[in-house]
Amino acid sequence: MRRTGADMADPTITADDGTEDGAPDGTSESARLAEADQVPWRDWGPYLSERAWGTVREDYSADGEAWDYFPHEHARSRAYRWNEDGMAGFCDEGQNWCLSLGLWNGVDPILKERMFGLTGPQGNHGEDVKEYWWYLDGTPTHSWNTWRYHYPQREFPYGDLIAENARRGKDEPEYELVDTGAFDDDRYWIVTVDYAKAGPRDLLMNITVENPSSDEATLHVLPTLWFRNTWAWGDDNPTPDLRWDAGRIIGQHSRSGPLVLSGAGSPDPLFCDNETNEALLFGAGNRTPYPKDGINDHVVSGAATVNPDRHGTKAALHYTVTVPAGGSTSIRVRLVGGEPTDAGLDQSAVVASPLEPADGFDADGFDADGFDAIIAARRAEADAFYAGVIPAERSPEEYLVARQAFAGLLWGKQFYHYDVTRWITGDPGQPAPPPGRGGVRNGAWPHVHNHDVILMPDPWEYPWYAAWDLAFHCVTLAHIDPQFAKQQLILLLREWYMHPNGQLPAYEWNFSDVNPPVHAWAAIRVFEIDGRRDFAFLGAIFHKLLINFTWWVNNKDRESDNLFEGGFMGLDNIAPVDRSKLPASVGYIEQADASGWMAMYALDMLDIALRLALHDNAYEGVATKFLEHFLAIAHATNDGLMWDDDDAFYYDVLHLADGTDVALKVRSLVGLVPLRAVLAYDVDDIGGALPEFRERGLWFLGNHPEYADMFQIRDIDGIRHRLLTLVPPDRLTRVLSSVFDESALLSRYGIRSISAWHRDHPFEVEVAGDLASVDYEPAESATGLFGGNSNWRGPIWMPLNVLLVESLHDFARLAPGEMIVEFPTGSGSRMSVGHAADAVAQRLVSILLPDADGRRPVHGWYDLLATDPRWKDNIAFHEYFHGDTGMGLGAAHQTGWTALVAHLIVTTPKNAHIPAPALPGDE
């Protein structure tokens with residue numbers, strides 16, 4: 001059997017030893033990966049979120065307004081209940097301790113301990129971080145990580161950013177930090193943090209501070225270690241301790257084991273407690289005279305708010321560095337840990353560094369030369385590792401983009417803790433939360449108990465997992481760490497995640513929302529990237545997805561006619577009405593995308609079943625089930641109102657309560673999802689090995705001749721292939737005429753989420769007496785539906801583009817010579833549909849590459865970001881991109897789904913942008 005979508009280019013990596021695997025062998029990092037199940041290389045990592053305030057977990061309000069309940073202004077003074085945040089942060093996988101960076105420029109009203117941004121209600125286009133930082137590098141075992149931040153030397157304009165964005169309407173762009181003049185005259189700090197592991201629990205932190213301005217300047221640098229507060233909630237957990245001893249910070253914790261933090265030079269040790277400043281925030285008594293904001297108040301205003309006895313649960317090494325104009329300086333810090341134990345702590349259990357004595361701590365601190373040698377070694381090992389991942393024929397710019405994409409994905413691994421039952425009922429050591437909390441949010445998910453390191457969509461904008469986003473993250477991650485990718489996919493199917501009824505949790509704001517079912521697709525891709533041999537993983541995924549597939553069939557096909565609903569389906573405001581909240585008294589919507597997703601899901605499950613059946617014929621019977629499901633869905637989608645033959649497009653259909661049916665004729669990604677439902681396999685291989693499946697398939701087709709268009713035979717080089725497709729080839733070429741039209745869906749930078757044709761032709765429909773409409777919005781959304789920065793009315797979104805590219809390759813390989821398209825439409829340039837798919841992939845990658853003028857389209861109109869040597873090569877992987885210009889929009893930092901660009905760079909042929917020569921007979 002052959003799953004053709006995987007074959008854009010062979011996604012496996014040929015290792016140095018000749019084996020196929022998802023990560024290269026023959027490097028030190030590969031060796032660490034190979035032993036990571038026995039040696040705890042993954043126990044310490046960049047698992048500290050960059051925003052814990054404003055999250056659902058920390059919301060104990062009666063109305064569910066999470067942004068208001070725990071705002072940024074409280075974050076420095078209020079202990080978090082569920083997990084912590086910080087800048088350039090590391091922690092252990094249970095987040096017992098946290099290490100991150102604090103900064104103060106001498107003029108800000110507060111320490112810079114976490115990134116600042118606007119809440120959803122504050123932003124004129126929704127929540128938005130207002131800082132500039134980048135993840136420049138990282139390895140899967142976190143033996144090497146690099147983080148970079150640009151921090152103004154002027155007072156940070158907190159108030160200006162809030163006020164100006166509040167003044168602006170949705171028809172205006174967001175007011176960004178660069179707009180405030182904060183970086184004028186190069187008056188800012190460049191702060192780079194390099195982490196290198198000398199051993200699994202031996203972490204080197206090198207902080208480099210550069211002053212690009214024309215004047216000498218002073219910066220306060222505070223590497224900070226603290227324990228997550230697990231002792232204040234009434235569970236009788238012991239309070240850990242940090243204390244100053246012989247020039248080092250010594251930590252004792254019942255779960256993480258002992259810790260030693262030391263810094264070169266003579267920093268000033270500052271201690272307080274990770275406890276809420278109740279007196280400041282709520283006018284109540286404090287549990288400690290040195291609460292969480294004690295270090296902040298001491299550094300900024302000289303307050304006596306740090307413990308003079310130098311112990312507590314939060315501690316910082318306070319450095320004050322004066323850097324000449326154009327100069328730089330470095331600060332070296334090291335964290336060494338002992339073995340975790342459930343027994344009591346023993347100071348003598350603190351282990352020494354595994355390095356040779358000359359490379360470790362000496363009586364006065366540690367040896368700088370040895371420290372630098374480890375940093376240099378880990379950097380070189382990271383280079384060697386990625387040389388085996390990213391094809392050598394890629395350009396230096398493509399290599400840079402891919403490497404930063406992988407790095408951001410790795411930095412996006414976050415510790416996530418959320419016990420829904422405990423969250424609803426409250427903690428015994430705290431006041432009871434307001435009644436009825438389960439009615440506000442997630443009351444139907446009392447079984448959810450998350451306590452894991454998970455790939456997040458974005459560490460600031462979206463610091464929580466989302467089911468379908470995670471699937472996309474895993475596909476890219478599989479190129480460098482297939483074991484972790486597989487573990488992540490299985491994790492969401494565990495009993496403490498997946499609902500007993502089979503639904504997957506969508507995301508913390510509403511676990512009951514419905515994300516597209518792409519888990520099976522991701523499992524197949526990860527299986528293939530990993531070498532196509534881990535059938536135990538594939539079987540484990542398949543068994544749980546059987547339950548999820550049944551949930552879909554039982555809950556999202558209200559008329560049992562094989563046409564599906566599902567609500568917003570991750571595409572938010574792409575429709576003229578809120579597809580999740582249409583009252584039953586008004587009607588319901590049968591969705592082209594939901595039906596397309598389910599057809600794809602059925603084919604993915606068929607694909608897995610056939611692969612497994614070739615190893616265990618017990619799966620042969622269930623394979624037939626998914627074949628029949630697919631054919632029924634495909635026939636219903638093509639035979640009803642969803643297909644518009646005049647427009648050659650698939651549309652949602654609104655069934656009003658009065659019996660009227662209205663096609664929602666919006667030319668969007670909704671109508672392109674059906675193209676994703678395509679699968680091929682070798683007839684002779686499957687028929688010979690699985691005769692029962694062959695016979696059942698022939699019987700079913702013989703008794704349902706109406707399904708013939710979706711079930712075709714192709715003979716390629718003497719091998720018969722079975723092509724299963726929701727969109728028959730003749731319809732596909734007609735649909736692609738719109739898809740490849742640059743005045744419609746095709747942008748210079750990929751496929752738009754809504755056709756630019758709607759710029760002058762908005763779609764309108766009257767629903768329950770109200771006029772709803774959709775037009776083309778290439779940038780930020782002008783509607784508040786689903787929150788401001790969720791915009792599917794024109795911009796380019798990477799994941800669905802990648803899925804469409806895969807689908808076109810499926811068609812190209814199963815119908816060679818038949819699938820010739822004009823690309824772009826009206827250009828006169830004709831090529832195979834496979835080369836057209838490659839051309840789309842190249843357009844997507846070009847968003848992040850320098851153009852003919854040397855500007856990366858992602859940087860948009862900002863000259864500082866696009867042209868300044870200190871900025872232009874630092875790339876943000878935005879949520880989505882302007883449909884006309886490619887400028888980055890939405891979540892403005894590091895969305896893991898846009899890291900799919902690395903997947904494209906690794907798998908798309910180098911000559912993707914070169915049209916294929918005309919085929920014989922194609923003049």
# chains A, B, ... in the order shown; residues from 1 in each chain; ligands from 1
>>> residues_around(residues="Ser737 (chain A)", least_positions_apart="4", cutoff="12 Å", atoms="only C-alpha atoms", output="count of residues only")
24
>>> residues_around(residues="Pro674 (chain A)", least_positions_apart="4", cutoff="12 Å", atoms="only C-alpha atoms", output="VMD selection string")
chain A and resid 563 591 to 601 603 630 633 to 638 642 to 643 649 to 652 668 to 670 678 725 to 728 731 to 732 735 800 803 to 804 807 to 808
>>> residues_around(residues="Glu879 (chain A)", least_positions_apart="6", cutoff="7 Å", atoms="only C-alpha atoms", output="short mmCIF file (atom, residue, chain, number, x, y, z; two decimals) with C-alpha atoms, in the first residue's frame")
data_model
loop_
_atom_site.label_atom_id
_atom_site.label_comp_id
_atom_site.auth_asym_id
_atom_site.auth_seq_id
_atom_site.Cartn_x
_atom_site.Cartn_y
_atom_site.Cartn_z
CA LEU A 889 -0.59 39.05 11.62
CA GLY A 890 -2.56 37.72 14.55
CA ALA A 891 -0.52 36.06 17.27
CA ALA A 892 2.72 37.89 16.71
CA THR A 895 2.80 29.75 16.55
CA THR A 898 3.44 28.02 11.25
#
>>> residues_around(residues="Pro428 (chain A)", least_positions_apart="6", cutoff="12 Å", atoms="only C-alpha atoms", output="list in words")
Trp231, Ala232, Trp233, Gly234, Asp235, Asp236 and Arg422 of chain A
>>> select_by_dssp(residues="region 445-540 of chain A", states="strand (DSSP E)", output="list of chain:residue names")
A:His449, A:Asn450, A:His451, A:Asp452, A:Val453, A:Ile454, A:Leu455
>>> closest_residue(among="A:Asp186, A:Glu777, A:Asp273, A:Glu84", to="Pro795 (chain A)", atoms="only C-alpha atoms")
A:Glu777
>>> select_by_dssp(residues="region 125-183 of chain A", states="helix (DSSP H, G or I)", output="PyMOL selection string")
chain A and resi 158-167+177-180
>>> closest_atom_pairs(of="region 148-199 of chain A", to="region 40-63 of chain A", cutoff="10 Å", atoms="only C-alpha atoms", output="tab-separated table")
residue	atom	partner	partner_atom	distance
A:Tyr195	CA	A:Pro46	CA	9.5
A:Lys197	CA	A:Trp41	CA	8.8
A:Gly199	CA	A:Trp41	CA	7.7
>>> atom_distance(atom1="CA of Lys413 (chain A)", atom2="CA of Asp37 (chain A)")
17.7 Å
>>> atom_distance(atom1="CA of Gly828 (chain A)", atom2="CA of Arg843 (chain A)")
18.9 Å
>>> atom_distance(atom1="CA of Arg379 (chain A)", atom2="CA of Trp144 (chain A)")
6.5 Å
>>> closest_atom_pairs(of="region 472-528 of chain A", to="region 432-447 of chain A", cutoff="7 Å", atoms="only C-alpha atoms", output="Markdown table")
| residue | atom | partner | partner_atom | distance |
| --- | --- | --- | --- | --- |
| A:Trp496 | CA | A:His447 | CA | 5.7 |
| A:His499 | CA | A:Trp445 | CA | 7.0 |
| A:Asn510 | CA | A:Asn442 | CA | 6.1 |
| A:Phe511 | CA | A:Asn442 | CA | 6.1 |
>>> residues_around(residues="Val178 (chain A)", least_positions_apart="3", cutoff="9 Å", atoms="only C-alpha atoms", output="list of chain:residue names")
A:Lys130, A:Glu131, A:Tyr132, A:Tyr175, A:Gly181, A:Ala182, A:Phe183, A:Asp184, A:Tyr862, A:Leu864, A:Leu865
>>> write_last_selection(atoms="C-alpha atoms", output="tab-separated table (two decimals), in the first residue's frame")
chain	number	residue	atom	x	y	z
A	130	LYS	CA	3.77	43.87	22.71
A	131	GLU	CA	7.38	42.72	22.90
A	132	TYR	CA	10.07	41.47	20.53
A	175	TYR	CA	-0.34	49.88	17.64
A	181	GLY	CA	9.56	55.05	19.28
A	182	ALA	CA	10.91	52.80	22.02
A	183	PHE	CA	13.77	51.64	19.78
A	184	ASP	CA	14.65	54.98	18.18
A	862	TYR	CA	8.38	47.99	9.47
A	864	LEU	CA	13.48	48.37	11.50
A	865	LEU	CA	12.38	44.74	11.43
>>> residues_around(residues="Ala772 (chain A)", least_positions_apart="2", cutoff="10 Å", atoms="only C-alpha atoms", output="ChimeraX atom specification")
/A:575-578,763-770,774
>>> write_last_selection(atoms="C-alpha atoms", output="JSON list (two decimals), in the first residue's frame")
[["chain", "number", "residue", "atom", "x", "y", "z"],
["A", 575, "ALA", "CA", -18.77, 32.09, 7.73],
["A", 576, "PRO", "CA", -21.36, 34.89, 7.69],
["A", 577, "VAL", "CA", -22.92, 33.46, 10.89],
["A", 578, "ASP", "CA", -21.49, 31.88, 14.01],
["A", 763, "PHE", "CA", -21.85, 37.59, 0.32],
["A", 764, "GLU", "CA", -24.97, 38.48, 2.29],
["A", 765, "VAL", "CA", -27.71, 36.35, 3.79],
["A", 766, "GLU", "CA", -30.68, 37.18, 6.02],
["A", 767, "VAL", "CA", -30.90, 34.99, 9.12],
["A", 768, "ALA", "CA", -33.66, 35.44, 11.67],
["A", 769, "GLY", "CA", -34.29, 38.97, 10.45],
["A", 770, "ASP", "CA", -30.65, 40.01, 10.60],
["A", 774, "VAL", "CA", -18.80, 38.17, 4.53]]
>>> closest_residue(among="A:Gly688, A:Pro857, A:Gly888, A:Pro500", to="Arg748 (chain A)", atoms="only C-alpha atoms")
A:Pro857
>>> residues_around(residues="Asp658 (chain A)", least_positions_apart="4", cutoff="10 Å", atoms="only C-alpha atoms", output="PyMOL selection string")
chain A and resi 585-587
>>> write_last_selection(atoms="C-alpha atoms", output="tab-separated table (two decimals), in the first residue's frame")
chain	number	residue	atom	x	y	z
A	585	SER	CA	-35.21	27.68	16.27
A	586	VAL	CA	-33.46	29.30	13.30
A	587	GLY	CA	-32.09	26.14	11.69
>>> closest_residue(among="A:Asn206, A:Thr329, A:Thr305, A:Asn801", to="Gly263 (chain A)", atoms="only C-alpha atoms")
A:Asn206
